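Written below as structure tokens is the structure these notes are about.
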Amino acid sequence: MKLPLLLCTALRALLLTGLLLPAAYLNAQVPHPKEVFGFTPGDDYQLATYQQMLEYYRKLAAASERVELREIGKSVLGKPLLLLFISSEENLRQLDKWRGISEQLARARIDEATAQNLAQNGKAVVWIDGGLHATEVAGAQMTPLLAHRVATEETPEMQHIRQEVILMLMPVMNPDGLNIVADWYKKNRGTPYETTRPPWLYHHYVGHDNNRDWFMNNMPESRAVTELLYNQWYPQIVYNHHQTGPSWTRIFIPPFADPVNPNIHPGVTTGVNMLGTAMANRYAMKKMPGAVSGVIYSMWWNGGMRTVPYFHNMIGILTETSHATPTPRFYDPDSLPRAIAARRGGGHPTNGTNIFYPYPWKGGMSTFSQPVAYMITASMAVLRTAADLRQQWLYNIYRMGRDAIETPGTYAYLIPHQQANRVEAYNLVNILRLGGIEIQQASQAFSANGKEYAAGTFVIPTAQAFRPYLTDLMEKQQYPNRRRSPNGPPEPPYDLAGWTLPMQMGVEVIKADSAFAFEGETLRADVQPAPGSVTGRSGFGYVLNHQDNNSVLAVNRLLKAGAKVSWAADAFEAQKTEFEAGSYVLECSQEQAARLAEELGLHLHGLRRKPKTELLTLSPARIGLYKSWVANMDEGWTRWLLKSYEFEVDTLHDEDIRTADLSVYHAIILPHQRASSILHGHAPNTMPEPYTGGMGLEGALALKDYVEAGGTLLALDAASDFAIEQFGLPLRDVTAGVSPNSFFIPGSLVRITLNQAHPLAYGMPQEAAASFVRSRAFQPLRLSRKGEGGWADIPEAPRADVEIVARYATDDLLMSGWAMGEKRYLANKAAVVRVPFGKGDVILFGFRTQFRGQSRATYKLLFNALHGASLPALPRVEEPAIQAEKSEP
């Protein structure tokens with residue numbers, strides 16, 4: 001009996017040695033990041049560039065059978081976007097199997113028994129990334145260490161993780177920005193400006209807003225990731241690293257602060273809390289203090305990398321680690337604050353008595369290795385919990401999907417394909433489809449709601465797993481009225497309060513409450529408007545409706561090709577058809593007209609003879625876009641939009657404004673930026689000298705001279721303050737200086753009414769939604785006859801020479817989100833105005849017409865101003881009396 005026992009023991013030892021030696025040998029061949037970078041990520045004063053990281057990840061994948069490297073797309077500047085799959089060798093050989101299980105459970109079209117079986121036999125799929133914001137530098141530096149550790153570590157815990165989890169690791173989501181920040185840091189290392197940020201956006205177009213693009217997916221980086229998450233892999237957990245922790249902490253972790261969006265399944269909310277608790281416990285056991293919860297960040301807003309997963313029944317995790325610089329810092333323990341700021345009350349005390357901050361950090365020396373270690377520790381907590389509760393995570397996403405499918409309510413949303421702004425209806429459909437929404441297009445006419453709908457109508461049934469996402473984007477938001485204390489100041493939401501897409505995009509959507517029958521095909525890829533048409537005989541040219549945003553693309557292409565394009569100054573009739581004022585009259589060849597109709601889905605009508613109306617002939621608009629050395633996301637969004645619509649744009653820095661010949665531009669745009677920032681920029685000694693100062697009074701005077709000589713200045717939102725102050729314009733922002741206790745609209749959709757006869761409103765509907773983000777409302781100045789409580793019987797003072805293009809509505813102002821005091825301070829006030837100034841014009845937009853590339857319904861206000869600036873003279877148009885503000889008695 002002893003001999004077999006001894007043999008068994010010896011055999012076991014030999015087997016273990018045979019298993020461990022090859023693993024140890026193979027792991028020794030896997031390069032550590034230090035071997036490629038020349039330093040260990042997290043070393044003080046060191047940042048690896050994206051070129052170094054590409055080299056490392058390719059070597060890692062080549063050396064390890066536990067790592068598979070894929071390129072999922074390109075950045076906006078053409079750099080490869082890499083994704084690593086890390087798991088056991090056996091799991092990687094069956095990736096398609098695990099992906100298929102993940103999809104079936106997430107889509108929840110299977111029965112209970114099948115779901116239970118798949119959950120029992122599947123693998124948890126976990127997404128972890130190194131973050132998007134390039135100035136939050138530790139995330140991208142941490143991921144090489146995490147990848148190496150998961151691939152090579154042989155502890156029982158890591159073997160368990162590799163066996164139960166498929167890790168999708170995206171090391172760098174913003175490679176362009178990584179190089180921008182790394183290069184800036186290296187250039188300024190050893191100077192007083194070592195810890196400053198670059199004076200330009202760290203994403204070519206959108207900077208920090210690359211984490212505000214996750215339902216629109218305007219940027220190629222977000223499109224590539226969204227396709228993976230919601231149409232291919234459906235991870236149960238999505239962990240997005242960030243690095244803006246609250247002061248005097250080490251990291252923010254879930255649970256989040258209130259409020260929670262009611263469209264989110266409570267299983268998501270509680271799942272987020274579970275993972276946050278797992279992180280906090282791991283920090284406590286490893287004697288890593290400073291993890292705080294329940295501050296700043298909430299679960300209301302849709303549109304962020306970690307928030308969109310909520311609406312797909314996925315556990316979205318954001319952490320915000322502190323110390324966002326490779327340079328060490330010292331925190332004097334004697335300066336420890338009594339509390340960490342929270343959304344309500346006096347904050348979380350730092351004495352260990354708060355449930356959301358039970359293990360406070362007391363200060364001392366902080367080095368770059370610390371945020372790297374905290375990020376890796378949080379990632380390990382997520383991976384360990386995913387492995388331990390693998391079957392639970394897999395089944396839960398199925399159960400939440402079934403709950404969504406079985407929820408009563410609206411049966412379907414219908415989007416007719418024939419719309420005033422037709423291209424945006426198709427854009428809305430594509431946005432929803434890319435976000436994982438199941439959409440069908442009717443192949444023949446059908447009836448719903450007692451009405452007939454044509455073939456081509458898009459039908460979006462609500463009985464689908466991602467119903468929370470669909471509902472949240474299609475319905476109005478009603479943000480709770482939250483104040484810091486009764487009758488006290490409002491508690492600002494994290495980011496926005498309202499974002500309803502059909503409103504922002506100007507798309508008609510019909511809700512069908514009852515079931516109906518129809519024949520249709522499921523969309524598998526983006527759809528484009530069917531080729532348009534050219535009707536009628538042309539002896540003079542063609543007429544094109546102004547309503548479709550694609551009409552602007554057509555006009556810019558024709559102008560670039562040398563064709564003659566005009567606005568019709570008045571409505572006219574041709575070939576027994578009525579055309580609105582502002583219709584485009586195109587004097588181009590039949591071939592050009594046919595090509596535009598086919599490529600852009602537009603309908604052109606032939607004109608036998610010149611219309612009987614004045615034609616306002618446009619020129620290719622020469623545009624200057626102001627770009628401050630204070631990095632400005634609105635400048636980037638504006639630049640992206642104008643490039644997308646093929647406008648020719650020059651960037652104008654402060655020195656250009658002061659010294660260049662501005663008369664070559666039809667229009668100059670001041671994007672949304674505080675007036676003081678435009679004027680003064682970075683203060684002296686806060687940045688390297690070439691990047692300090694703004695345009696100054698010299699620049700303001702140059703702009704004033706430019707407009708007086710006949711130029712057009714466009715000022716968006718906050719930049720309108722600069723124009724009013726520096727030019728002495730006869731109007732004021734009525735919201736300026738008003739206490740937030742009385743007036744507060746933090747980020748909502750409000751209704752505007754348009755003076756459709758004004759050239760700047762050509763093609764616009766009578767009403768539209770405007771994105772009001774603590775924005776502006778104008779009132780022309782006029783000497784009052786009121787004094788000491790009475791009225792003087794004297795002649796009325798003249799009205800200011802201000803044309804009102806758009807006003808905030810009088811009634812039903814709030815469309816989606818949250819507003820306080822809007823009736824008193826916003827109703828019937830001017831939203832867009834034209835102010836003649838010398839021989840030129842100043843056009844003020846109280847809100848951002850192009851906000852984050854979302855507000856498609858108001859794009860034309862900006863486009864019309866640019867095209868109108870190319871006219872020898874923009875016609876003067878009086879506002880209809882029904883819209884104008886009442887005179888004093």
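Each chain in the structure tokens gets a letter, A, B, ..., in the order shown, and its residues are numbered from 1; ligands are numbered from 1 in order too.
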
What's around Pro872 in chain A at 9 Å? Count only C-alpha atoms, leave out sequence neighbours fewer than 5 positions away in its own chain, and write the answer as a count of residues only. 4

Report as a PyMOL selection string all protein, DNA and RNA residues lying within 8 Å of range 122-128 of chain A, evaluated on only C-alpha atoms, omitting residues in the same chain fewer than 3 positions from it. chain A and resi 98+101-102+118-119+164-170+233-241+379+383+386-387+390-391+393-394

Could you write out that same residue set with N, CA, C and O atoms as an mmCIF file, in the first residue's frame?
data_model
loop_
_atom_site.group_PDB
_atom_site.id
_atom_site.type_symbol
_atom_site.label_atom_id
_atom_site.label_comp_id
_atom_site.auth_asym_id
_atom_site.auth_seq_id
_atom_site.Cartn_x
_atom_site.Cartn_y
_atom_site.Cartn_z
ATOM 1 N N TRP A 98 -16.921 31.929 -27.142
ATOM 2 C CA TRP A 98 -17.247 32.788 -25.999
ATOM 3 C C TRP A 98 -17.976 34.056 -26.456
ATOM 4 O O TRP A 98 -18.885 34.525 -25.771
ATOM 5 N N ILE A 101 -21.646 33.120 -27.103
ATOM 6 C CA ILE A 101 -22.403 32.963 -25.851
ATOM 7 C C ILE A 101 -22.738 34.334 -25.270
ATOM 8 O O ILE A 101 -23.873 34.578 -24.829
ATOM 9 N N SER A 102 -21.757 35.215 -25.277
ATOM 10 C CA SER A 102 -21.972 36.562 -24.740
ATOM 11 C C SER A 102 -23.082 37.278 -25.500
ATOM 12 O O SER A 102 -23.948 37.926 -24.899
ATOM 13 N N LEU A 118 -25.955 28.269 -20.946
ATOM 14 C CA LEU A 118 -24.886 29.122 -21.477
ATOM 15 C C LEU A 118 -24.150 29.848 -20.352
ATOM 16 O O LEU A 118 -22.924 29.991 -20.390
ATOM 17 N N ALA A 119 -24.893 30.323 -19.358
ATOM 18 C CA ALA A 119 -24.263 31.011 -18.235
ATOM 19 C C ALA A 119 -23.348 30.064 -17.466
ATOM 20 O O ALA A 119 -22.269 30.454 -16.989
ATOM 21 N N GLU A 164 -11.477 31.777 -16.133
ATOM 22 C CA GLU A 164 -12.898 32.139 -16.104
ATOM 23 C C GLU A 164 -13.238 33.414 -16.878
ATOM 24 O O GLU A 164 -14.414 33.688 -17.108
ATOM 25 N N VAL A 165 -12.237 34.186 -17.271
ATOM 26 C CA VAL A 165 -12.488 35.528 -17.820
ATOM 27 C C VAL A 165 -11.790 35.688 -19.163
ATOM 28 O O VAL A 165 -10.639 35.262 -19.336
ATOM 29 N N ILE A 166 -12.479 36.335 -20.090
ATOM 30 C CA ILE A 166 -11.860 36.846 -21.311
ATOM 31 C C ILE A 166 -11.657 38.342 -21.083
ATOM 32 O O ILE A 166 -12.620 39.107 -21.010
ATOM 33 N N LEU A 167 -10.419 38.756 -20.943
ATOM 34 C CA LEU A 167 -10.111 40.174 -20.744
ATOM 35 C C LEU A 167 -9.931 40.842 -22.099
ATOM 36 O O LEU A 167 -9.076 40.439 -22.892
ATOM 37 N N MET A 168 -10.754 41.851 -22.364
ATOM 38 C CA MET A 168 -10.567 42.721 -23.523
ATOM 39 C C MET A 168 -9.893 43.988 -23.008
ATOM 40 O O MET A 168 -10.525 44.807 -22.334
ATOM 41 N N LEU A 169 -8.626 44.128 -23.300
ATOM 42 C CA LEU A 169 -7.842 45.256 -22.791
ATOM 43 C C LEU A 169 -7.518 46.202 -23.933
ATOM 44 O O LEU A 169 -6.795 45.837 -24.864
ATOM 45 N N MET A 170 -8.073 47.414 -23.865
ATOM 46 C CA MET A 170 -7.705 48.441 -24.843
ATOM 47 C C MET A 170 -6.736 49.383 -24.148
ATOM 48 O O MET A 170 -7.136 50.230 -23.354
ATOM 49 N N TRP A 233 -19.175 41.934 -29.037
ATOM 50 C CA TRP A 233 -18.706 41.190 -27.876
ATOM 51 C C TRP A 233 -19.590 41.276 -26.645
ATOM 52 O O TRP A 233 -19.560 40.396 -25.807
ATOM 53 N N TYR A 234 -20.326 42.339 -26.446
ATOM 54 C CA TYR A 234 -21.293 42.453 -25.358
ATOM 55 C C TYR A 234 -20.691 42.091 -23.989
ATOM 56 O O TYR A 234 -21.194 41.202 -23.290
ATOM 57 N N PRO A 235 -19.611 42.741 -23.564
ATOM 58 C CA PRO A 235 -19.021 42.396 -22.263
ATOM 59 C C PRO A 235 -20.008 42.652 -21.130
ATOM 60 O O PRO A 235 -20.811 43.584 -21.178
ATOM 61 N N GLN A 236 -19.925 41.824 -20.103
ATOM 62 C CA GLN A 236 -20.809 42.027 -18.955
ATOM 63 C C GLN A 236 -20.323 43.182 -18.079
ATOM 64 O O GLN A 236 -21.120 43.805 -17.373
ATOM 65 N N ILE A 237 -19.019 43.462 -18.120
ATOM 66 C CA ILE A 237 -18.430 44.533 -17.310
ATOM 67 C C ILE A 237 -17.571 45.403 -18.212
ATOM 68 O O ILE A 237 -16.762 44.894 -19.003
ATOM 69 N N VAL A 238 -17.753 46.716 -18.114
ATOM 70 C CA VAL A 238 -16.968 47.690 -18.883
ATOM 71 C C VAL A 238 -16.336 48.646 -17.883
ATOM 72 O O VAL A 238 -17.038 49.391 -17.196
ATOM 73 N N TYR A 239 -15.001 48.614 -17.820
ATOM 74 C CA TYR A 239 -14.267 49.431 -16.839
ATOM 75 C C TYR A 239 -13.424 50.459 -17.586
ATOM 76 O O TYR A 239 -12.503 50.118 -18.310
ATOM 77 N N ASN A 240 -13.761 51.738 -17.353
ATOM 78 C CA ASN A 240 -13.133 52.879 -18.028
ATOM 79 C C ASN A 240 -12.328 53.674 -16.999
ATOM 80 O O ASN A 240 -12.890 54.332 -16.123
ATOM 81 N N HIS A 241 -10.994 53.634 -17.102
ATOM 82 C CA HIS A 241 -10.128 54.329 -16.152
ATOM 83 C C HIS A 241 -10.067 55.833 -16.440
ATOM 84 O O HIS A 241 -9.988 56.252 -17.600
ATOM 85 N N SER A 379 -8.261 47.221 -11.092
ATOM 86 C CA SER A 379 -8.483 46.307 -12.217
ATOM 87 C C SER A 379 -8.483 44.861 -11.736
ATOM 88 O O SER A 379 -9.296 44.041 -12.188
ATOM 89 N N LEU A 383 -11.391 41.987 -12.083
ATOM 90 C CA LEU A 383 -11.141 40.689 -12.715
ATOM 91 C C LEU A 383 -11.426 39.542 -11.748
ATOM 92 O O LEU A 383 -12.005 38.523 -12.139
ATOM 93 N N ALA A 386 -15.148 39.248 -11.302
ATOM 94 C CA ALA A 386 -15.724 38.688 -12.528
ATOM 95 C C ALA A 386 -15.511 37.176 -12.581
ATOM 96 O O ALA A 386 -16.403 36.417 -12.978
ATOM 97 N N ALA A 387 -14.324 36.727 -12.175
ATOM 98 C CA ALA A 387 -14.032 35.290 -12.187
ATOM 99 C C ALA A 387 -14.835 34.551 -11.127
ATOM 100 O O ALA A 387 -15.402 33.480 -11.391
ATOM 101 N N ARG A 390 -18.599 34.529 -12.175
ATOM 102 C CA ARG A 390 -18.726 34.425 -13.631
ATOM 103 C C ARG A 390 -20.152 34.069 -14.063
ATOM 104 O O ARG A 390 -20.758 34.756 -14.897
ATOM 105 N N GLN A 391 -20.697 33.014 -13.517
ATOM 106 C CA GLN A 391 -22.016 32.552 -13.937
ATOM 107 C C GLN A 391 -23.093 33.581 -13.601
ATOM 108 O O GLN A 391 -24.034 33.787 -14.370
ATOM 109 N N TRP A 393 -22.733 36.922 -13.448
ATOM 110 C CA TRP A 393 -22.685 38.059 -14.385
ATOM 111 C C TRP A 393 -23.300 37.657 -15.720
ATOM 112 O O TRP A 393 -24.045 38.441 -16.337
ATOM 113 N N LEU A 394 -23.000 36.451 -16.193
ATOM 114 C CA LEU A 394 -23.530 36.003 -17.475
ATOM 115 C C LEU A 394 -25.052 35.867 -17.431
ATOM 116 O O LEU A 394 -25.762 36.302 -18.353
#

Using only C-alpha atoms, tabulate the residues of range 687-796 of chain A lying at most 10 Å from any atom of range 180-204 of chain A, each with its closest atom pair and that distance in Å to one decimal, by chain and increasing residue number, as a Markdown table.
| residue | atom | partner | partner_atom | distance |
| --- | --- | --- | --- | --- |
| A:Met687 | CA | A:Tyr193 | CA | 6.1 |
| A:Pro688 | CA | A:Tyr193 | CA | 6.8 |
| A:Tyr691 | CA | A:Pro199 | CA | 6.9 |
| A:Thr692 | CA | A:Pro199 | CA | 9.3 |

If you run DSSP on the backbone, which residues of range 230-360 of chain A are strand (DSSP E), as number ranges by chain? A: 237-242, 251-252, 257-260, 291-292, 298-299, 315-321, 329-331, 339-340, 348-349

If you run DSSP over the backbone, which residues in range 39-286 of chain A end up helix (DSSP H, G or I)? Put them as an NGL selection string. :A and (50-63 or 89-92 or 95-107 or 112-121 or 138-152 or 156-164 or 175-188 or 207-211 or 220-233 or 266-285)

For CA of Thr858 in chain A and CA of Asn210 in chain A, quote the distance in Å rounded to one decimal.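 Rounded to one decimal, the two atoms are 21.5 Å apart.
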
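For Met274 in chain A, the set of protein, DNA and RNA residues having any atom at most 10 Å away, when counting only C-alpha atoms and skipping those fewer than 5 positions along the same chain, is Pro254, Pro255, Val268, Thr269, Met279, Ala280, Ile315, Val382 and Thr385 of chain A.
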
Can you pull out the residues contacting Tyr395 in chain A? Cut-off 7 Å, using only C-alpha atoms, and skip same-chain residues under 3 positions away; I want them as a PyMOL selection string. chain A and resi 115-116+119+391-392+398-399

Could those selected residues go to a file with C-alpha atoms, as a short mmCIF file (atom, residue, chain, number, x, y, z; two decimals), in the first residue's frame?
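Dumped everything to again-v4.cif:
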data_model
loop_
_atom_site.label_atom_id
_atom_site.label_comp_id
_atom_site.auth_asym_id
_atom_site.auth_seq_id
_atom_site.Cartn_x
_atom_site.Cartn_y
_atom_site.Cartn_z
CA ALA A 115 -29.66 30.85 -20.84
CA GLN A 116 -28.92 28.88 -17.67
CA ALA A 119 -24.26 31.01 -18.24
CA GLN A 391 -22.02 32.55 -13.94
CA GLN A 392 -23.91 35.28 -12.10
CA TYR A 398 -29.70 37.80 -19.80
CA ARG A 399 -32.24 38.35 -17.03
#

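Residue nearest Gln504 in chain A, chosen from A:Asn27, A:Thr350, A:Ser739, A:Gln850 and counting only C-alpha atoms: A:Gln850.
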
CA of Arg834 in chain A to CA of Leu496 in chain A, straight-line distance in Å: 28.8 Å

Would you kindly return, as a ChimeraX atom specification, each protein, DNA or RNA residue with an atom no farther than 9 Å from any atom of range 656-660 of chain A, considering only C-alpha atoms and excluding same-chain residues fewer than 3 positions away? /A:626,651-653,663,695-696,698-703

Please produce an output containing all heavy atoms for each residue in the selection, written as a compact mmCIF listing (two decimals), in the first residue's frame.
# COMPACT_ATOMS: atom_id res chain seq x y z
N TYR A 626 -11.25 81.37 -34.90
CA TYR A 626 -10.33 81.76 -33.83
C TYR A 626 -9.98 80.56 -32.97
O TYR A 626 -10.85 79.78 -32.56
CB TYR A 626 -10.97 82.85 -32.97
CG TYR A 626 -10.16 83.19 -31.74
CD1 TYR A 626 -8.89 83.74 -31.85
CD2 TYR A 626 -10.66 82.95 -30.46
CE1 TYR A 626 -8.13 84.05 -30.73
CE2 TYR A 626 -9.92 83.25 -29.33
CZ TYR A 626 -8.65 83.80 -29.47
OH TYR A 626 -7.90 84.09 -28.35
N THR A 651 -7.32 78.56 -39.50
CA THR A 651 -7.19 78.77 -38.06
C THR A 651 -6.50 80.10 -37.80
O THR A 651 -5.46 80.41 -38.40
CB THR A 651 -6.38 77.63 -37.43
OG1 THR A 651 -7.16 76.43 -37.51
CG2 THR A 651 -6.06 77.92 -35.97
N LEU A 652 -7.07 80.89 -36.91
CA LEU A 652 -6.52 82.20 -36.56
C LEU A 652 -6.15 82.21 -35.09
O LEU A 652 -7.01 82.12 -34.21
CB LEU A 652 -7.54 83.31 -36.84
CG LEU A 652 -8.03 83.45 -38.29
CD1 LEU A 652 -9.08 84.55 -38.39
CD2 LEU A 652 -6.86 83.73 -39.23
N HIS A 653 -4.84 82.29 -34.80
CA HIS A 653 -4.37 82.43 -33.43
C HIS A 653 -4.37 83.91 -33.04
O HIS A 653 -4.67 84.80 -33.86
CB HIS A 653 -2.98 81.82 -33.29
CG HIS A 653 -2.98 80.33 -33.33
ND1 HIS A 653 -3.50 79.56 -32.32
CD2 HIS A 653 -2.51 79.45 -34.27
CE1 HIS A 653 -3.36 78.28 -32.62
NE2 HIS A 653 -2.78 78.18 -33.80
N SER A 663 -9.32 91.16 -43.78
CA SER A 663 -10.30 91.49 -44.81
C SER A 663 -10.45 90.38 -45.85
O SER A 663 -11.41 90.40 -46.63
CB SER A 663 -9.91 92.79 -45.52
OG SER A 663 -8.70 92.64 -46.25
N MET A 695 -5.86 87.62 -27.26
CA MET A 695 -5.74 88.55 -28.39
C MET A 695 -5.55 89.98 -27.93
O MET A 695 -5.05 90.81 -28.70
CB MET A 695 -6.95 88.43 -29.31
CG MET A 695 -8.26 88.93 -28.73
SD MET A 695 -9.59 89.04 -29.98
CE MET A 695 -9.77 87.36 -30.51
N GLY A 696 -5.91 90.27 -26.66
CA GLY A 696 -5.69 91.60 -26.11
C GLY A 696 -6.56 92.66 -26.75
O GLY A 696 -7.34 92.40 -27.68
N GLU A 698 -5.55 94.99 -28.63
CA GLU A 698 -5.14 95.17 -30.01
C GLU A 698 -5.91 94.23 -30.93
O GLU A 698 -6.35 94.61 -32.02
CB GLU A 698 -3.63 94.92 -30.13
CG GLU A 698 -3.07 95.17 -31.52
CD GLU A 698 -1.59 94.88 -31.61
OE1 GLU A 698 -0.97 94.59 -30.56
OE2 GLU A 698 -1.04 94.91 -32.74
N GLY A 699 -6.08 92.99 -30.49
CA GLY A 699 -6.85 92.04 -31.28
C GLY A 699 -8.32 92.40 -31.33
O GLY A 699 -8.97 92.28 -32.38
N ALA A 700 -8.87 92.86 -30.20
CA ALA A 700 -10.27 93.28 -30.18
C ALA A 700 -10.50 94.44 -31.15
O ALA A 700 -11.51 94.49 -31.86
CB ALA A 700 -10.68 93.66 -28.77
N LEU A 701 -9.55 95.39 -31.17
CA LEU A 701 -9.66 96.53 -32.08
C LEU A 701 -9.56 96.07 -33.53
O LEU A 701 -10.28 96.58 -34.41
CB LEU A 701 -8.57 97.55 -31.77
CG LEU A 701 -8.59 98.83 -32.63
CD1 LEU A 701 -9.92 99.57 -32.47
CD2 LEU A 701 -7.42 99.74 -32.24
N ALA A 702 -8.69 95.09 -33.80
CA ALA A 702 -8.56 94.57 -35.16
C ALA A 702 -9.86 93.93 -35.62
O ALA A 702 -10.28 94.11 -36.78
CB ALA A 702 -7.42 93.56 -35.23
N LEU A 703 -10.53 93.20 -34.73
CA LEU A 703 -11.81 92.61 -35.09
C LEU A 703 -12.87 93.68 -35.31
O LEU A 703 -13.70 93.59 -36.23
CB LEU A 703 -12.27 91.65 -33.99
CG LEU A 703 -11.57 90.29 -33.91
CD1 LEU A 703 -12.09 89.49 -32.72
CD2 LEU A 703 -11.76 89.49 -35.19

Nearest-residue call for Gly352 in chain A, choices A:Leu83, A:Ala339, A:Trp637, A:Ala404, using only C-alpha atoms: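 Once distances to Gly352 in chain A are computed over only C-alpha atoms, the minimum belongs to A:Ala339.
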
Can you pull out every residue within 9 Å of Met764 in chain A, counting only C-alpha atoms, but drop anything in the same chain fewer than 5 positions away, and send it as a list in words? His546, Gln547, Leu754, Asn755, Gln756, Ala857, Thr858, Lys860 and Leu861 of chain A
